[in-house]
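Q: Have a look at this one before I ask anything.
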Amino acid sequence: MRLRSLLGLLFVACSAAHAGEKDACAECKNSALANASQCHAVAAPDPALRGRCDRDFAQATRACAAGACKAEAEMLAATRCAECLRQADAETRKCASLPPAVRAACEARTATAKKGCEDKSCPAAKPR
């Protein structure tokens with residue numbers, strides 16, 4: 001097989017795996033919502049039971065986030081980080097074409113923007 005064909009197969013396999021993860025996440029969230037709706041329908045007259053329904057729903061939602069939806073959240077965070085850093089780098093390149101009198105201020109702004117990316121959008125990349 002040619003390299004291009006192998007890469008194509010790898011891409012299809014990875015895409016299918018990612019789609020399966022998305023489906024699992026959506027299924028988990030939908031299941032938690034359906035259970036909560038059913039619980040609220042049964043518990044409507046009793047405030048204590050409604051509170052238990054809310055706690056169970058919150059717990060199920062956290063379980064989805066920690067399990068089935070974790071890969072999706074990590075991928076979204078990685079995308080957000082990469083986009084933030086890409087924009088900061090583009091601004092840094094623009095600064096290089098400015099006159100020296102304003103270049104330093106521009107570079108200071110882009111350094112602050114890049115630090116903001118690292119602190120807010122890319123927290124997983126920092127050592128702990």
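Ligands are numbered from 1 in the order shown, residues from 1 within each chain, and chains are lettered A, B, ... in the order they appear in the structure tokens.
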Using only C-alpha atoms, which protein or nucleic acid residues come within 10 Å of Ser121 in chain A? Drop anything in the same chain fewer than 5 positions from it, and give the result as number ranges by chain.
A: A: 77-85, 114-116
Q: Compile the contact shell of range 106-110 of chain A as number ranges by chain: residues with an atom at most 12 Å away, counting only C-alpha atoms, same-chain residues fewer than 6 positions apart removed.
A: A: 84-100, 116-117
Q: Keeping C-alpha atoms, export the residues of the selection given above as a PDB file, in the first residue's frame.
A:
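Result written to selection-v5.pdb:
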```
ATOM      1  CA  CYS A  84      -4.926  31.540  20.971  1.00  0.00           C
ATOM      2  CA  LEU A  85      -1.206  30.897  20.459  1.00  0.00           C
ATOM      3  CA  ARG A  86      -1.600  31.137  16.668  1.00  0.00           C
ATOM      4  CA  GLN A  87      -3.206  34.576  17.000  1.00  0.00           C
ATOM      5  CA  ALA A  88      -0.497  35.750  19.412  1.00  0.00           C
ATOM      6  CA  ASP A  89       2.206  34.574  16.997  1.00  0.00           C
ATOM      7  CA  ALA A  90       0.501  36.353  14.086  1.00  0.00           C
ATOM      8  CA  GLU A  91       0.440  39.569  16.091  1.00  0.00           C
ATOM      9  CA  THR A  92       4.122  39.102  16.992  1.00  0.00           C
ATOM     10  CA  ARG A  93       4.986  38.793  13.287  1.00  0.00           C
ATOM     11  CA  LYS A  94       3.039  41.990  12.582  1.00  0.00           C
ATOM     12  CA  CYS A  95       5.061  43.795  15.259  1.00  0.00           C
ATOM     13  CA  ALA A  96       8.290  42.958  13.434  1.00  0.00           C
ATOM     14  CA  SER A  97       7.201  45.079  10.470  1.00  0.00           C
ATOM     15  CA  LEU A  98       6.486  48.175  12.584  1.00  0.00           C
ATOM     16  CA  PRO A  99       8.917  51.062  13.057  1.00  0.00           C
ATOM     17  CA  PRO A 100      11.255  50.659  16.043  1.00  0.00           C
ATOM     18  CA  GLY A 116      -2.666  35.067  28.752  1.00  0.00           C
ATOM     19  CA  CYS A 117      -2.980  32.133  26.357  1.00  0.00           C
TER      20      CYS A 117
END
```
Q: Mind checking which residues fall within 10 Å of range 59-67 of chain A, counting only C-alpha atoms, ignoring those fewer than 4 positions away in the same chain, and posting them as a PDB file with N, CA and C atoms, in the first residue's frame?
A:
```
ATOM      1  N   ALA A  24     -20.936   8.871  22.446  1.00  0.00           N
ATOM      2  CA  ALA A  24     -20.983   8.404  23.828  1.00  0.00           C
ATOM      3  C   ALA A  24     -21.240   9.576  24.770  1.00  0.00           C
ATOM      4  N   CYS A  25     -20.625  10.702  24.504  1.00  0.00           N
ATOM      5  CA  CYS A  25     -20.822  11.884  25.332  1.00  0.00           C
ATOM      6  C   CYS A  25     -22.272  12.363  25.231  1.00  0.00           C
ATOM      7  N   ALA A  26     -22.772  12.495  24.027  1.00  0.00           N
ATOM      8  CA  ALA A  26     -24.153  12.944  23.835  1.00  0.00           C
ATOM      9  C   ALA A  26     -25.128  11.951  24.459  1.00  0.00           C
ATOM     10  N   GLU A  27     -24.849  10.674  24.314  1.00  0.00           N
ATOM     11  CA  GLU A  27     -25.717   9.653  24.893  1.00  0.00           C
ATOM     12  C   GLU A  27     -25.719   9.753  26.416  1.00  0.00           C
ATOM     13  N   CYS A  28     -24.568   9.973  27.005  1.00  0.00           N
ATOM     14  CA  CYS A  28     -24.459  10.123  28.457  1.00  0.00           C
ATOM     15  C   CYS A  28     -25.264  11.329  28.932  1.00  0.00           C
ATOM     16  N   LYS A  29     -25.090  12.459  28.263  1.00  0.00           N
ATOM     17  CA  LYS A  29     -25.817  13.670  28.649  1.00  0.00           C
ATOM     18  C   LYS A  29     -27.324  13.488  28.474  1.00  0.00           C
ATOM     19  N   ASN A  30     -27.722  12.884  27.353  1.00  0.00           N
ATOM     20  CA  ASN A  30     -29.145  12.660  27.103  1.00  0.00           C
ATOM     21  C   ASN A  30     -29.748  11.716  28.140  1.00  0.00           C
ATOM     22  N   SER A  31     -29.006  10.701  28.516  1.00  0.00           N
ATOM     23  CA  SER A  31     -29.478   9.758  29.522  1.00  0.00           C
ATOM     24  C   SER A  31     -29.654  10.449  30.869  1.00  0.00           C
ATOM     25  N   ALA A  32     -28.691  11.273  31.253  1.00  0.00           N
ATOM     26  CA  ALA A  32     -28.784  12.004  32.515  1.00  0.00           C
ATOM     27  C   ALA A  32     -29.998  12.927  32.509  1.00  0.00           C
ATOM     28  N   LEU A  33     -30.232  13.608  31.398  1.00  0.00           N
ATOM     29  CA  LEU A  33     -31.374  14.515  31.286  1.00  0.00           C
ATOM     30  C   LEU A  33     -32.691  13.749  31.321  1.00  0.00           C
ATOM     31  N   ASN A  35     -33.260  10.823  32.726  1.00  0.00           N
ATOM     32  CA  ASN A  35     -33.462  10.336  34.086  1.00  0.00           C
ATOM     33  C   ASN A  35     -33.937  11.463  35.000  1.00  0.00           C
ATOM     34  N   ALA A  36     -33.360  12.637  34.847  1.00  0.00           N
ATOM     35  CA  ALA A  36     -33.769  13.777  35.665  1.00  0.00           C
ATOM     36  C   ALA A  36     -35.210  14.176  35.367  1.00  0.00           C
ATOM     37  N   CYS A  53     -33.553  14.654  43.015  1.00  0.00           N
ATOM     38  CA  CYS A  53     -33.449  14.565  41.555  1.00  0.00           C
ATOM     39  C   CYS A  53     -32.360  15.502  41.035  1.00  0.00           C
ATOM     40  N   ASP A  54     -32.343  16.720  41.572  1.00  0.00           N
ATOM     41  CA  ASP A  54     -31.336  17.704  41.149  1.00  0.00           C
ATOM     42  C   ASP A  54     -29.925  17.235  41.498  1.00  0.00           C
ATOM     43  N   ARG A  55     -29.758  16.681  42.703  1.00  0.00           N
ATOM     44  CA  ARG A  55     -28.436  16.172  43.107  1.00  0.00           C
ATOM     45  C   ARG A  55     -28.012  15.000  42.220  1.00  0.00           C
ATOM     46  N   ALA A  71     -12.715  13.276  26.641  1.00  0.00           N
ATOM     47  CA  ALA A  71     -11.925  13.413  25.411  1.00  0.00           C
ATOM     48  C   ALA A  71     -12.392  14.612  24.593  1.00  0.00           C
ATOM     49  N   GLU A  72     -13.697  14.818  24.542  1.00  0.00           N
ATOM     50  CA  GLU A  72     -14.245  15.954  23.797  1.00  0.00           C
ATOM     51  C   GLU A  72     -13.800  17.272  24.428  1.00  0.00           C
ATOM     52  N   ALA A  73     -13.848  17.353  25.747  1.00  0.00           N
ATOM     53  CA  ALA A  73     -13.425  18.570  26.447  1.00  0.00           C
ATOM     54  C   ALA A  73     -11.936  18.822  26.256  1.00  0.00           C
TER      55      ALA A  73
END
```
